[in-house]
Amino acid sequence: MAKITIEKDRCKACEFCIIYCKKGAIKLDKKLNKRGVHPAVFIDPDKCTGCVMCAIICPECCIEVFK
Amino acid sequence: MDKVFTRPNSLRDAETHYCAGCGHGIVHRLVAEVIDEMGLRERTIGIAPVGCAVLAYDYWNFDVTEAAHGRTPAVATGIKRVLPDRLVFTYQGDGDLAAIGTAETVHAANRGEDISIIFVNNGVYGMTGGQMAPTTLLEQKTATTPTGRDLKRDGAPLKISEMLAVLDGAVYIERTSVHSPAGVNKTKKAIERSFQTQMDKKGFSMVEIISPCPTYWGLTPRESLKWIEERIFKTYPLGVIKGK
């Protein structure tokens, strides 16, 4: 089991992490962040394998991965 | 649980000014990661361009200077000749490198200067509002080509990497992309090889990185990844162009 943390106020909602998460463990939050966008949010620790694909494609470098 | 991915030390804990889905943030991080892994942070001097990445010195945690538009290879030449043991690299966009700075780029490569160029190619002028760049694709719509780039009127996209590859002074030139995790990994390896080429005093090297600019392509970040795969790779194929 693995998990990620996303700094929500840094996220610009480009969705690259969502596009490349093969397990569908990330989605856009319903709430807005301080930038006024719906940030990416980690939803499923059971699915996450810690593959780091989301983190290496994140242009804001706001994802940390734990395994 | 152990932390398996985090921000590299050479990247400051700063929020970037880049648009959503812009590739600059990824390339900044890759450069920082490679410098950390090579243990060169105290010996690195970067040169920021004019363009969207003009504020790169605010994001990197090593010495970075600034140059006049397109003149980064000339400034890098001076720094490297005075301080030959440093890692000296320029970070340039396609407006900076392929338009106003073409002369500096070509002659730095031809002289075989021991410098590395990180060339971020997104095919438009970002900072000034999405005008056509020399690297803009044919038929691509920009602020100055509202009906699309026309071959007869505007010329063909400038293939800088292929151009420089014919020069004797250039020893390693590769084109990569940051549109996918696999592309990001390849880009990191290319940056590493370029920096190693310089530290081994082998001569001039450049990594051209295809990078998304959703804002001025008029696409969503998701659509811009598709655009890179379907359109850009036809004009700019990936791979090692010199130094196989």
# chains A, B, ... in the order shown; residues from 1 in each chain; ligands from 1

call {"tool": "interface_residues", "arguments": {"of": "chain A", "to": "chain B", "cutoff": "6 Å", "atoms": "only C-alpha atoms", "output": "list of chain:residue names"}}
result
A:Lys12, A:Cys14, A:Met53, A:Ile57, A:Pro59, A:Glu60, A:Glu64, A:Val65, A:Phe66, A:Lys67

call {"tool": "residues_around", "arguments": {"residues": "B:Pro237", "least_positions_apart": "5", "cutoff": "9 Å", "atoms": "only C-alpha atoms", "output": "PyMOL selection string"}}
result
chain B and resi 175-176+232

call {"tool": "residues_around", "arguments": {"residues": "stretch 204-211 of chain B", "least_positions_apart": "2", "cutoff": "8 Å", "atoms": "only C-alpha atoms", "output": "ChimeraX atom specification"}}
result
/B:22-24,108-109,112-122,161,169-179,187,190-191,194,197-198,202,213,228

call {"tool": "write_last_selection", "arguments": {"atoms": "C-alpha atoms", "output": "compact mmCIF listing (two decimals), in the first residue's frame"}}
result
# COMPACT_ATOMS: atom_id res chain seq x y z
CA CYS B 22 3.02 24.28 -18.86
CA GLY B 23 6.06 22.03 -19.19
CA HIS B 24 8.58 24.50 -17.75
CA ALA B 108 28.65 28.63 -29.66
CA ALA B 109 27.96 25.17 -31.10
CA GLY B 112 32.44 23.60 -29.60
CA GLU B 113 32.08 25.53 -26.35
CA ASP B 114 31.98 23.28 -23.31
CA ILE B 115 28.45 24.32 -22.34
CA SER B 116 25.03 22.65 -22.14
CA ILE B 117 21.87 24.12 -23.58
CA ILE B 118 18.44 23.15 -22.28
CA PHE B 119 16.17 24.17 -25.14
CA VAL B 120 12.46 24.14 -24.27
CA ASN B 121 10.49 24.09 -27.52
CA ASN B 122 6.76 24.76 -27.31
CA SER B 161 18.66 20.35 -33.43
CA GLY B 169 31.76 21.40 -32.54
CA ALA B 170 28.48 19.85 -31.36
CA VAL B 171 29.06 16.44 -29.77
CA TYR B 172 25.69 15.51 -28.28
CA ILE B 173 22.22 16.64 -29.36
CA GLU B 174 18.98 14.91 -28.42
CA ARG B 175 15.30 15.77 -28.74
CA THR B 176 12.98 14.57 -25.99
CA SER B 177 9.53 15.45 -24.68
CA VAL B 178 7.83 15.98 -21.32
CA HIS B 179 4.32 15.01 -22.45
CA THR B 187 14.43 13.85 -20.71
CA ALA B 190 19.30 13.31 -21.67
CA ILE B 191 19.96 16.26 -19.32
CA SER B 194 24.48 16.58 -21.53
CA THR B 197 29.44 15.53 -21.56
CA GLN B 198 30.35 18.99 -20.34
CA LYS B 202 33.93 16.81 -24.56
CA CYS B 213 1.83 25.37 -23.92
CA ILE B 228 2.14 16.80 -29.06

call {"tool": "select_by_dssp", "arguments": {"residues": "stretch 88-186 of chain B", "states": "strand (DSSP E)", "output": "VMD selection string"}}
result
chain B and resid 88 to 93 116 to 121 124 to 125 131 to 132 170 to 177

call {"tool": "atom_distance", "arguments": {"atom1": "atom CA of B:Ile45", "atom2": "atom CA of B:Pro84"}}
result
11.1 Å

call {"tool": "residues_around", "arguments": {"residues": "B:Gln92", "least_positions_apart": "2", "cutoff": "9 Å", "atoms": "only C-alpha atoms", "output": "PyMOL selection string"}}
result
chain B and resi 47-51+53-54+70+72+90+94-97+117-121

call {"tool": "residues_around", "arguments": {"residues": "B:Ala156", "least_positions_apart": "2", "cutoff": "8 Å", "atoms": "only C-alpha atoms", "output": "compact mmCIF listing (two decimals) with C-alpha atoms, in the first residue's frame"}}
result
# COMPACT_ATOMS: atom_id res chain seq x y z
CA PRO B 134 10.34 30.04 -35.97
CA LEU B 137 4.14 24.14 -36.95
CA LEU B 138 2.74 24.66 -40.45
CA LEU B 151 4.83 27.82 -45.86
CA ASP B 154 6.23 32.31 -43.09
CA LEU B 158 13.10 25.67 -37.98

call {"tool": "closest_residue", "arguments": {"among": "B:Glu33, B:Tyr216, B:Gly78, B:Gln196", "to": "B:Thr136", "atoms": "only C-alpha atoms"}}
result
B:Tyr216

call {"tool": "select_by_dssp", "arguments": {"residues": "chain A", "states": "alpha helix (DSSP H)", "output": "compact mmCIF listing (two decimals) with C-alpha atoms, in the first residue's frame"}}
result
# COMPACT_ATOMS: atom_id res chain seq x y z
CA PHE A 16 -1.78 15.51 -15.77
CA CYS A 17 -1.65 13.38 -12.59
CA ILE A 18 -5.21 12.22 -13.16
CA ILE A 19 -4.50 11.40 -16.83
CA TYR A 20 -1.46 9.27 -15.97
CA MET A 53 3.87 8.60 -12.34
CA CYS A 54 1.68 11.42 -10.95
CA ALA A 55 4.64 13.04 -9.17
CA ILE A 56 7.05 12.96 -12.11
CA ILE A 57 4.53 14.53 -14.53

call {"tool": "closest_residue", "arguments": {"among": "A:Cys21, A:Met1, A:Ile63, A:Cys11", "to": "A:Gly36", "atoms": "only C-alpha atoms"}}
result
A:Cys11

call {"tool": "atom_distance", "arguments": {"atom1": "atom CA of B:Gly239", "atom2": "atom CA of B:Val34"}}
result
19.6 Å
